[in-house]
Every structure is written in C-alpha cells, then in structure tokens.
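Structure record follows, encoded as structure tokens.
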Amino acid sequence: MENIITLHDLSFEPYISENQIKDAVKELAKKINSEFGGEELHIVSALTGSFIFTADLVRELEMPCQIHFVKVSSYHGGTSSTGTIRLETDIQLDFSNKNVLITEDIVDTGLTASFLFELIKNKGAKNIKLATLLYKPEAYKQALNIDFVGFSIPNEFVVGYGLDYKEIGRNINAIYKLKQS
Ligand code: IMP
Ligand code: MG
C-alpha cells in the first residue's frame, strides 16, 4: 500500500481520510446543534489530543460557546493506556446550571471520559454530554453513555488529526493506523 508513514520506530497506513473526517465533524456538529439549540454551551476539551477536533467542531456550532481546556494524560508515551489518569491542568470554573460538552479525540478504555465526567459533575453542571471523534467499543470499560461518536473503530492504534505516537503525528491531516507487519 502507498503512503505508509513512519513515526519513531513504527509504520502506519492510511485509515480515515481528511474528507471523511470533515464529513463526520459536520454530522456531529449538526446533532450537537439540534441537541442544545440556542442555549449557551461550555466546551471542555481534553488536551492534548482533541485540540484539532475541538477547533474544527466548534466552528460548526451555532450556539454561543465558551471553550475550556483540561490537560489529562493516560498513555504516558506508549501505545496502550496505563490505566491511571493524571490531571495536569484543571479549570477553575463553576459550571452550576451550565450545559457542558466534553470533547475527546478518542475514547478507548473510557477512563479519561469518566474522569472528566466526574470532574465536571462536581463543578455543578446541569447537563453533561460527551462527544468523541473516535471510539473503540472493544476497549471500552465504562458504563457512561457516549452521546456523539464520529467513528467507531476496532481496537487498533491510530495517529493523526491530533492523535500522537510518543508525541509525534498530531499534525497529520488524516488518520493512520498501525501497520501490521
Ligand atoms: P482512555 O482513557 O483509555 O479512553 O484513553 C483516552 C486517551 O488515550 C485518548 O485521549 C488518547 O490520548 C489516548 N489514546 C487512546 N487510543 C489511542 C490511539 O489509538 N492512538 C493515540 N492515542 C490514543
Ligand atoms: Mg497521547
């Protein structure tokens, strides 16, 4: 197959194209627009991976939005979750009576999503929804409902469009998956 890319010691092959991503983001935005109508929405974006997805998504949203970033990490550099979440940057905000949308690049085990959900709930939000571009149902281990999903994908390691392998690959426009050798 052409267009194989190498990041550090691993090879990746094309998986989801730039156009497919664009269409999926538009579809998600449509659903989010109709869910919240004109009500103000607080976006809580999980750094670092979701910065591109969040940037593209919010530009398709029609309601007034406030945008916040939290930095969490669970992979600590490898290709599988460590099972522990670190909150590296918190947000000092009271979400009482607010609508909140958590945006994630990918939901894998779901640990990050659940962690963020609890964090926001404890800040008093009246309504919390979760949007993710990618979702790995086979890896998901939580009861929490994921409200808006761009693509459900098999349990494979992917990079690009914000997602990294050892911090490299986030600036690639499309999504690539680990090449099986
Ligand atoms: P979770 O807490 O297990 O759901 O993991 C979520 C986080 O792990 C994501 O926000 C990503 O930073 C990272 N992650 C999970 N799967 C992948 C992948 O396939 N490629 C790159 N990062 C991933
Ligand atoms: Mg990562």
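Ligands are numbered from 1 in the order shown, residues from 1 within each chain, and chains are lettered A, B, ... in the order they appear in the structure tokens.
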
Subject >> Close residues, Ile52 (chain A) itself excluded, 8 Å, only C-alpha atoms, min 3 positions apart in chain, as a list in words >> reply: Gly49, Ala55, Asp56, Tyr161 and Gly162 of chain A

What does the file look like for those residues with C-alpha atoms, as a PDB file, in the first residue's frame?
ATOM      1  CA  GLY A  49      -5.218  15.001  21.522  1.00  0.00           C
ATOM      2  CA  ALA A  55     -11.125  23.530  16.847  1.00  0.00           C
ATOM      3  CA  ASP A  56     -12.921  22.100  13.807  1.00  0.00           C
ATOM      4  CA  TYR A 161      -5.603  14.673  13.428  1.00  0.00           C
ATOM      5  CA  GLY A 162      -4.446  15.415  16.966  1.00  0.00           C
TER       6      GLY A 162
END

Problem - Test item: residues lying within 9 Å of ligand 1 with only C-alpha atoms and all ligand atoms, as an MDAnalysis selection string - result: chainID A and resid 46:50 72:85 104:115 134:136 139:141 155:160 162:166 177:178

Residue nearest Glu27 (chain A) - candidates A:Ile120, A:Leu133, A:Val100, A:Ile153, atoms counted: only C-alpha atoms
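Nearest to Glu27 (chain A): A:Leu133.
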
inquiry  = List as a list of chain:residue names the protein and nucleic acid residues near Met63 (chain A), meaning an atom at most 9 Å away when only C-alpha atoms are counted, but skip any in the same chain fewer than 6 places from it.
reply    = A:Asn33, A:Phe36, A:Gly37, A:Gly38, A:Glu39, A:Glu40, A:Leu41

| message | Could you go through region 31-97 of chain A and tell me which residues DSSP, when run on the backbone, assigns to strand (DSSP E), listing them as a list in words? | response |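 For region 31-97 of chain A, the strand (DSSP E) set is Leu41, His42, Ile43, Val44, Ser45, Ala46, Leu47, Cys65, Gln66, Ile67, His68, Phe69, Val70, Lys71, Val72, Ser73, Arg86, Leu87, Glu88 and Thr89 of chain A.
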
Selected residues, N, CA and C atoms, written as a CSV table (one decimal), in the first residue's frame, please.
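Here's the written file part06.csv:
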chain,number,residue,atom,x,y,z
A,41,LEU,N,-23.3,27.0,25.5
A,41,LEU,CA,-22.6,25.7,25.7
A,41,LEU,C,-21.2,25.9,26.1
A,42,HIS,N,-20.8,25.1,27.2
A,42,HIS,CA,-19.4,25.1,27.6
A,42,HIS,C,-18.7,23.9,27.1
A,43,ILE,N,-17.7,24.1,26.3
A,43,ILE,CA,-16.9,23.0,25.7
A,43,ILE,C,-15.8,22.7,26.6
A,44,VAL,N,-15.6,21.5,27.0
A,44,VAL,CA,-14.4,21.1,27.8
A,44,VAL,C,-13.6,20.1,27.0
A,45,SER,N,-12.5,20.6,26.5
A,45,SER,CA,-11.7,19.8,25.5
A,45,SER,C,-10.5,19.2,26.3
A,46,ALA,N,-10.3,17.9,26.0
A,46,ALA,CA,-9.3,17.1,26.7
A,46,ALA,C,-8.0,17.2,25.9
A,47,LEU,N,-7.1,18.0,26.4
A,47,LEU,CA,-5.8,18.2,25.7
A,47,LEU,C,-4.9,16.9,26.0
A,65,CYS,N,-20.7,29.7,22.5
A,65,CYS,CA,-19.8,28.7,23.2
A,65,CYS,C,-18.7,29.3,24.0
A,66,GLN,N,-18.5,28.8,25.2
A,66,GLN,CA,-17.2,29.1,25.9
A,66,GLN,C,-16.4,27.8,25.8
A,67,ILE,N,-15.1,28.0,25.6
A,67,ILE,CA,-14.2,26.9,25.3
A,67,ILE,C,-13.1,26.8,26.4
A,68,HIS,N,-13.0,25.6,27.0
A,68,HIS,CA,-12.1,25.4,28.1
A,68,HIS,C,-11.2,24.2,27.8
A,69,PHE,N,-10.0,24.2,28.3
A,69,PHE,CA,-9.1,23.1,28.1
A,69,PHE,C,-8.7,22.5,29.4
A,70,VAL,N,-8.7,21.2,29.5
A,70,VAL,CA,-8.1,20.5,30.6
A,70,VAL,C,-7.0,19.6,30.0
A,71,LYS,N,-5.9,19.4,30.8
A,71,LYS,CA,-4.9,18.5,30.3
A,71,LYS,C,-4.9,17.3,31.1
A,72,VAL,N,-5.2,16.2,30.5
A,72,VAL,CA,-5.1,14.9,31.1
A,72,VAL,C,-4.2,14.0,30.4
A,73,SER,N,-3.6,13.0,31.0
A,73,SER,CA,-2.9,12.0,30.3
A,73,SER,C,-3.0,10.6,30.9
A,86,ARG,N,-3.9,11.2,34.9
A,86,ARG,CA,-3.3,12.3,35.5
A,86,ARG,C,-4.0,13.6,35.0
A,87,LEU,N,-4.4,14.4,36.0
A,87,LEU,CA,-5.0,15.7,35.6
A,87,LEU,C,-3.8,16.7,35.7
A,88,GLU,N,-3.4,17.2,34.6
A,88,GLU,CA,-2.2,18.1,34.6
A,88,GLU,C,-2.6,19.6,34.7
A,89,THR,N,-3.7,19.9,34.1
A,89,THR,CA,-4.2,21.3,34.2
A,89,THR,C,-5.7,21.3,34.4

So, counting only C-alpha atoms, which residue among A:Ser34, A:Gln92, A:Ser11, A:Ser181 is closest to Leu119 (chain A)?
->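 Smallest distance to Leu119 (chain A) is found for A:Gln92.
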
message: Calculated over only C-alpha atoms, which of the candidates A:Ile91, A:His8, A:Val25, A:Thr103 has the smallest distance to Glu60 (chain A)?
response: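 Checking each of A:Ile91, A:His8, A:Val25, A:Thr103 against Glu60 (chain A), counting only C-alpha atoms, the winner is A:Val25.
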
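Each of A:Ile168, A:Ala24, A:Ile4, A:Ile175 was compared to ligand 2 using only C-alpha atoms and all ligand atoms, and A:Ile168 turns out to be the nearest.
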
Review point. Mind checking DSSP for chain A and telling me the alpha helix (DSSP H) residues as a PyMOL selection string?
Key: chain A and resi 18-36+51-58+111-121

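Around Ile128 (chain A), within 8 Å and counting only C-alpha atoms, the residues found are Asn99, Val100, Leu101, Ile102, Phe117, Ile120, Lys121, Ala125, Lys126 and Leu130 of chain A, once anything fewer than 2 positions away on its own chain is removed.
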
Q.
Set the distance at 8 Å and use only C-alpha atoms: which residues neighbour region 16-20 of chain A once local chain neighbours fewer than 2 positions away are removed? I'd like the list as a list in words.
A. Pro14, Lys22, Asp23, Ala24, Asn173, Ala174, Ile175 and Tyr176 of chain A

Can I get the selection written as an mmCIF file, in the first residue's frame, with all heavy atoms?
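Result file follows (part.cif):
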data_model
loop_
_atom_site.group_PDB
_atom_site.id
_atom_site.type_symbol
_atom_site.label_atom_id
_atom_site.label_comp_id
_atom_site.auth_asym_id
_atom_site.auth_seq_id
_atom_site.Cartn_x
_atom_site.Cartn_y
_atom_site.Cartn_z
ATOM 1 N N PRO A 14 -2.699 4.567 5.817
ATOM 2 C CA PRO A 14 -3.886 5.420 5.778
ATOM 3 C C PRO A 14 -5.121 4.674 6.273
ATOM 4 O O PRO A 14 -5.299 3.493 5.975
ATOM 5 C CB PRO A 14 -4.035 5.755 4.292
ATOM 6 C CG PRO A 14 -2.690 5.581 3.720
ATOM 7 C CD PRO A 14 -2.050 4.464 4.495
ATOM 8 N N LYS A 22 -13.826 15.418 7.793
ATOM 9 C CA LYS A 22 -14.614 16.650 7.636
ATOM 10 C C LYS A 22 -16.107 16.369 7.674
ATOM 11 O O LYS A 22 -16.870 17.066 8.348
ATOM 12 C CB LYS A 22 -14.280 17.326 6.306
ATOM 13 C CG LYS A 22 -13.077 18.223 6.408
ATOM 14 C CD LYS A 22 -12.912 19.104 5.174
ATOM 15 C CE LYS A 22 -11.635 19.915 5.322
ATOM 16 N NZ LYS A 22 -10.836 19.978 4.107
ATOM 17 N N ASP A 23 -16.532 15.345 6.911
ATOM 18 C CA ASP A 23 -17.954 14.989 6.875
ATOM 19 C C ASP A 23 -18.445 14.569 8.255
ATOM 20 O O ASP A 23 -19.545 14.956 8.681
ATOM 21 C CB ASP A 23 -18.196 13.853 5.868
ATOM 22 C CG ASP A 23 -18.004 14.319 4.427
ATOM 23 O OD1 ASP A 23 -17.946 15.555 4.206
ATOM 24 O OD2 ASP A 23 -17.896 13.455 3.531
ATOM 25 N N ALA A 24 -17.639 13.780 8.954
ATOM 26 C CA ALA A 24 -18.048 13.277 10.274
ATOM 27 C C ALA A 24 -18.172 14.438 11.268
ATOM 28 O O ALA A 24 -19.106 14.463 12.085
ATOM 29 C CB ALA A 24 -17.048 12.242 10.776
ATOM 30 N N ASN A 173 -2.950 15.423 8.644
ATOM 31 C CA ASN A 173 -4.340 15.791 8.350
ATOM 32 C C ASN A 173 -5.343 14.643 8.377
ATOM 33 O O ASN A 173 -6.525 14.861 8.594
ATOM 34 C CB ASN A 173 -4.428 16.438 6.969
ATOM 35 C CG ASN A 173 -3.989 17.881 7.023
ATOM 36 O OD1 ASN A 173 -4.129 18.525 8.062
ATOM 37 N ND2 ASN A 173 -3.456 18.376 5.930
ATOM 38 N N ALA A 174 -4.861 13.449 8.092
ATOM 39 C CA ALA A 174 -5.757 12.290 8.056
ATOM 40 C C ALA A 174 -5.414 11.383 9.235
ATOM 41 O O ALA A 174 -4.483 11.653 9.982
ATOM 42 C CB ALA A 174 -5.577 11.551 6.741
ATOM 43 N N ILE A 175 -6.200 10.304 9.383
ATOM 44 C CA ILE A 175 -5.923 9.352 10.457
ATOM 45 C C ILE A 175 -5.286 8.089 9.862
ATOM 46 O O ILE A 175 -5.765 7.550 8.857
ATOM 47 C CB ILE A 175 -7.203 9.058 11.263
ATOM 48 C CG1 ILE A 175 -7.603 10.334 12.029
ATOM 49 C CG2 ILE A 175 -6.981 7.902 12.239
ATOM 50 C CD1 ILE A 175 -8.959 10.278 12.689
ATOM 51 N N TYR A 176 -4.211 7.665 10.494
ATOM 52 C CA TYR A 176 -3.460 6.477 10.066
ATOM 53 C C TYR A 176 -3.542 5.437 11.162
ATOM 54 O O TYR A 176 -3.674 5.769 12.330
ATOM 55 C CB TYR A 176 -1.985 6.843 9.828
ATOM 56 C CG TYR A 176 -1.741 7.595 8.540
ATOM 57 C CD1 TYR A 176 -2.222 8.899 8.366
ATOM 58 C CD2 TYR A 176 -1.029 7.001 7.498
ATOM 59 C CE1 TYR A 176 -2.006 9.578 7.186
ATOM 60 C CE2 TYR A 176 -0.806 7.684 6.302
ATOM 61 C CZ TYR A 176 -1.303 8.964 6.154
ATOM 62 O OH TYR A 176 -1.098 9.642 4.981
#

Fill in: Among the residues A:Gly124, A:Leu116, A:Val149, A:Leu28, the one that comes closest to Asn97 (chain A) [using only C-alpha atoms]
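Using only C-alpha atoms, the shortest distance to Asn97 (chain A) belongs to A:Gly124.
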
Pairwise distance, CA of Pro64 (chain A) with CA of Leu144 (chain A), equals 26.3 Å

Subject >> Of the listed residues A:Gly169, A:Gly150, A:Thr54, A:Lys179, that which approaches ligand 2 most closely, counting only C-alpha atoms and all ligand atoms >> reply: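 Comparing A:Gly169, A:Gly150, A:Thr54, A:Lys179 against ligand 2, the winner is A:Gly169.
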